[in-house]
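File shown: input.cif (mmCIF, C-alpha atoms).
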data_start
#
loop_
_atom_site.group_PDB
_atom_site.id
_atom_site.type_symbol
_atom_site.label_atom_id
_atom_site.label_comp_id
_atom_site.auth_asym_id
_atom_site.auth_seq_id
_atom_site.Cartn_x
_atom_site.Cartn_y
_atom_site.Cartn_z
ATOM 1 C CA MET A 238 -9.542 129.543 -20.756
ATOM 2 C CA PRO A 239 -9.353 131.110 -17.267
ATOM 3 C CA GLU A 240 -12.903 132.439 -17.655
ATOM 4 C CA LEU A 241 -14.189 128.994 -18.606
ATOM 5 C CA LEU A 242 -12.430 127.394 -15.630
ATOM 6 C CA ALA A 243 -13.879 130.006 -13.283
ATOM 7 C CA SER A 244 -17.347 129.508 -14.755
ATOM 8 C CA PHE A 245 -17.117 125.718 -14.453
ATOM 9 C CA GLY A 246 -16.008 126.110 -10.852
ATOM 10 C CA LEU A 247 -18.968 128.358 -10.118
ATOM 11 C CA ALA A 248 -21.294 125.825 -11.761
ATOM 12 C CA VAL A 249 -19.921 123.097 -9.499
ATOM 13 C CA ARG A 250 -20.262 125.349 -6.447
ATOM 14 C CA ARG A 251 -23.840 126.226 -7.386
ATOM 15 C CA ALA A 252 -24.790 122.562 -7.826
ATOM 16 C CA ARG A 253 -23.057 121.656 -4.560
ATOM 17 C CA THR A 254 -24.776 124.366 -2.537
ATOM 18 C CA GLU A 255 -28.153 123.546 -4.097
ATOM 19 C CA LYS A 256 -27.656 119.980 -2.839
ATOM 20 C CA GLY A 257 -26.736 121.338 0.592
ATOM 21 C CA ILE A 258 -23.396 119.561 0.783
ATOM 22 C CA SER A 259 -20.005 120.865 1.857
ATOM 23 C CA GLN A 260 -16.779 120.754 -0.106
ATOM 24 C CA GLU A 261 -15.655 117.980 2.217
ATOM 25 C CA GLN A 262 -18.758 115.943 1.434
ATOM 26 C CA LEU A 263 -18.379 116.510 -2.308
ATOM 27 C CA ALA A 264 -14.738 115.476 -2.083
ATOM 28 C CA ALA A 265 -15.676 112.269 -0.277
ATOM 29 C CA LEU A 266 -18.502 111.464 -2.701
ATOM 30 C CA SER A 267 -16.324 112.054 -5.747
ATOM 31 C CA GLY A 268 -13.105 110.527 -4.407
ATOM 32 C CA LEU A 269 -11.241 113.819 -4.752
ATOM 33 C CA ASP A 270 -9.249 115.787 -2.230
ATOM 34 C CA ARG A 271 -11.057 118.695 -0.561
ATOM 35 C CA THR A 272 -8.284 121.076 -1.558
ATOM 36 C CA TYR A 273 -8.747 120.013 -5.197
ATOM 37 C CA VAL A 274 -12.497 120.722 -4.982
ATOM 38 C CA SER A 275 -11.724 124.113 -3.448
ATOM 39 C CA GLY A 276 -9.245 124.954 -6.212
ATOM 40 C CA LEU A 277 -11.682 123.785 -8.857
ATOM 41 C CA GLU A 278 -14.477 125.960 -7.485
ATOM 42 C CA ARG A 279 -12.106 128.945 -7.542
ATOM 43 C CA GLY A 280 -11.190 128.291 -11.175
ATOM 44 C CA LYS A 281 -7.629 127.276 -10.328
ATOM 45 C CA ARG A 282 -7.934 123.682 -11.578
ATOM 46 C CA ASN A 283 -8.531 122.304 -15.072
ATOM 47 C CA PRO A 284 -10.483 119.077 -14.489
ATOM 48 C CA THR A 285 -10.161 116.165 -16.873
ATOM 49 C CA LEU A 286 -13.264 114.643 -18.405
ATOM 50 C CA ALA A 287 -12.965 111.760 -15.929
ATOM 51 C CA THR A 288 -12.913 114.229 -13.027
ATOM 52 C CA GLN A 289 -15.918 116.057 -14.450
ATOM 53 C CA GLU A 290 -17.751 112.716 -14.579
ATOM 54 C CA ARG A 291 -16.878 111.983 -10.951
ATOM 55 C CA LEU A 292 -18.143 115.402 -9.877
ATOM 56 C CA ALA A 293 -21.328 115.095 -11.919
ATOM 57 C CA ALA A 294 -22.042 111.651 -10.456
ATOM 58 C CA ALA A 295 -21.404 112.895 -6.918
ATOM 59 C CA LEU A 296 -23.719 115.863 -7.522
ATOM 60 C CA ASP A 297 -26.297 113.688 -9.308
ATOM 61 C CA VAL A 298 -26.272 115.915 -12.400
ATOM 62 C CA ARG A 299 -25.171 115.415 -15.991
ATOM 63 C CA ILE A 300 -21.780 116.718 -17.112
ATOM 64 C CA ALA A 301 -23.633 118.560 -19.865
ATOM 65 C CA ASP A 302 -25.575 120.499 -17.235
ATOM 66 C CA LEU A 303 -22.366 121.629 -15.521
ATOM 67 C CA VAL A 304 -20.772 122.619 -18.813
ATOM 68 C CA ARG A 305 -23.919 124.310 -20.074
ATOM 69 C CA THR A 306 -24.134 126.314 -16.873
ATOM 70 C CA ALA A 307 -20.455 127.195 -17.173
ATOM 71 C CA GLU A 308 -20.949 128.364 -20.767
ATOM 72 C CA GLU A 309 -23.928 130.472 -19.731
ATOM 73 C CA MET A 310 -21.916 132.073 -16.938
ATOM 74 C CA ALA A 311 -18.930 132.883 -19.186
#

Any chance you could give the structure as structure tokens?
Amino acid sequence: MPELLASFGLAVRRARTEKGISQEQLAALSGLDRTYVSGLERGKRNPTLATQERLAAALDVRIADLVRTAEEMA
């Protein structure tokens, strides 16, 4: 599980940086705390499906794309 969490976090970070937005901006767009986004990107958080949806919407990507990327990275 830790590898999957780390991979998902890297997928979120990759999508965020490709969009050119900061963690603070992603937090604001998704309604999450910046420290939560930071922990998630470092693989320290286990996001619920609802949180994954909020992140995907904020990043304008599908959840499946984040998970697929995470699976490919693991």

Expansion of the PyMOL selection byres ((chain A and resi 295) around 10) into residues, as a list of chain:residue names: A:Arg253, A:Gln262, A:Leu263, A:Ala264, A:Ala265, A:Leu266, A:Ser267, A:Gly268, A:Gln289, A:Glu290, A:Arg291, A:Leu292, A:Ala293, A:Ala294, A:Leu296, A:Asp297, A:Val298

Straight-line distance linking CA of Glu255 (chain A) with CA of Arg299 (chain A), stated in Å to one decimal: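 Computing the Euclidean distance for CA of Glu255 (chain A) and CA of Arg299 (chain A) yields 14.7 Å.
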
Atom-to-atom span, CA of Ala287 (chain A) and CA of Ile300 (chain A), Å: 10.2 Å

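For Met238 (chain A), the non-local neighbours within 10 Å, defined as residues at least 5 positions apart in the same chain or in other chains and counting all atoms listed in the file, are Ala243, Ser244, Gly280 and Asn283 of chain A.
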
How about saving the chosen residues, C-alpha atoms kept, as a tab-separated table (two decimals), in the coordinates of the input?
chain	number	residue	atom	x	y	z
A	243	ALA	CA	-13.88	130.01	-13.28
A	244	SER	CA	-17.35	129.51	-14.76
A	280	GLY	CA	-11.19	128.29	-11.18
A	283	ASN	CA	-8.53	122.30	-15.07

So what does the PyMOL selection byres ((chain A and resi 276) around 12) actually pick up in this one, as a PDB file with C-alpha atoms, in the frame of the given file?
ATOM      1  CA  LEU A 242     -12.430 127.394 -15.630  1.00  0.00           C
ATOM      2  CA  ALA A 243     -13.879 130.006 -13.283  1.00  0.00           C
ATOM      3  CA  PHE A 245     -17.117 125.718 -14.453  1.00  0.00           C
ATOM      4  CA  GLY A 246     -16.008 126.110 -10.852  1.00  0.00           C
ATOM      5  CA  LEU A 247     -18.968 128.358 -10.118  1.00  0.00           C
ATOM      6  CA  VAL A 249     -19.921 123.097  -9.499  1.00  0.00           C
ATOM      7  CA  ARG A 250     -20.262 125.349  -6.447  1.00  0.00           C
ATOM      8  CA  GLN A 260     -16.779 120.754  -0.106  1.00  0.00           C
ATOM      9  CA  ALA A 264     -14.738 115.476  -2.083  1.00  0.00           C
ATOM     10  CA  LEU A 269     -11.241 113.819  -4.752  1.00  0.00           C
ATOM     11  CA  ASP A 270      -9.249 115.787  -2.230  1.00  0.00           C
ATOM     12  CA  ARG A 271     -11.057 118.695  -0.561  1.00  0.00           C
ATOM     13  CA  THR A 272      -8.284 121.076  -1.558  1.00  0.00           C
ATOM     14  CA  TYR A 273      -8.747 120.013  -5.197  1.00  0.00           C
ATOM     15  CA  VAL A 274     -12.497 120.722  -4.982  1.00  0.00           C
ATOM     16  CA  SER A 275     -11.724 124.113  -3.448  1.00  0.00           C
ATOM     17  CA  LEU A 277     -11.682 123.785  -8.857  1.00  0.00           C
ATOM     18  CA  GLU A 278     -14.477 125.960  -7.485  1.00  0.00           C
ATOM     19  CA  ARG A 279     -12.106 128.945  -7.542  1.00  0.00           C
ATOM     20  CA  GLY A 280     -11.190 128.291 -11.175  1.00  0.00           C
ATOM     21  CA  LYS A 281      -7.629 127.276 -10.328  1.00  0.00           C
ATOM     22  CA  ARG A 282      -7.934 123.682 -11.578  1.00  0.00           C
ATOM     23  CA  ASN A 283      -8.531 122.304 -15.072  1.00  0.00           C
ATOM     24  CA  PRO A 284     -10.483 119.077 -14.489  1.00  0.00           C
TER      25      PRO A 284
END

Using the file's own x, y and z axes, so that the box edges lie along x, y and z, what centre and edge lengths in Å (one decimal) does a box around every listed atom of region 272-276 of chain A get when 4 Å is added on each side? Give it as JSON.
{"center_x": -10.4, "center_y": 122.5, "center_z": -3.9, "size_x": 12.2, "size_y": 12.9, "size_z": 12.7}

d(CA of Val304 (chain A), CA of Ala252 (chain A)) in Å: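 Computing it gives 11.7 Å between the two atoms.
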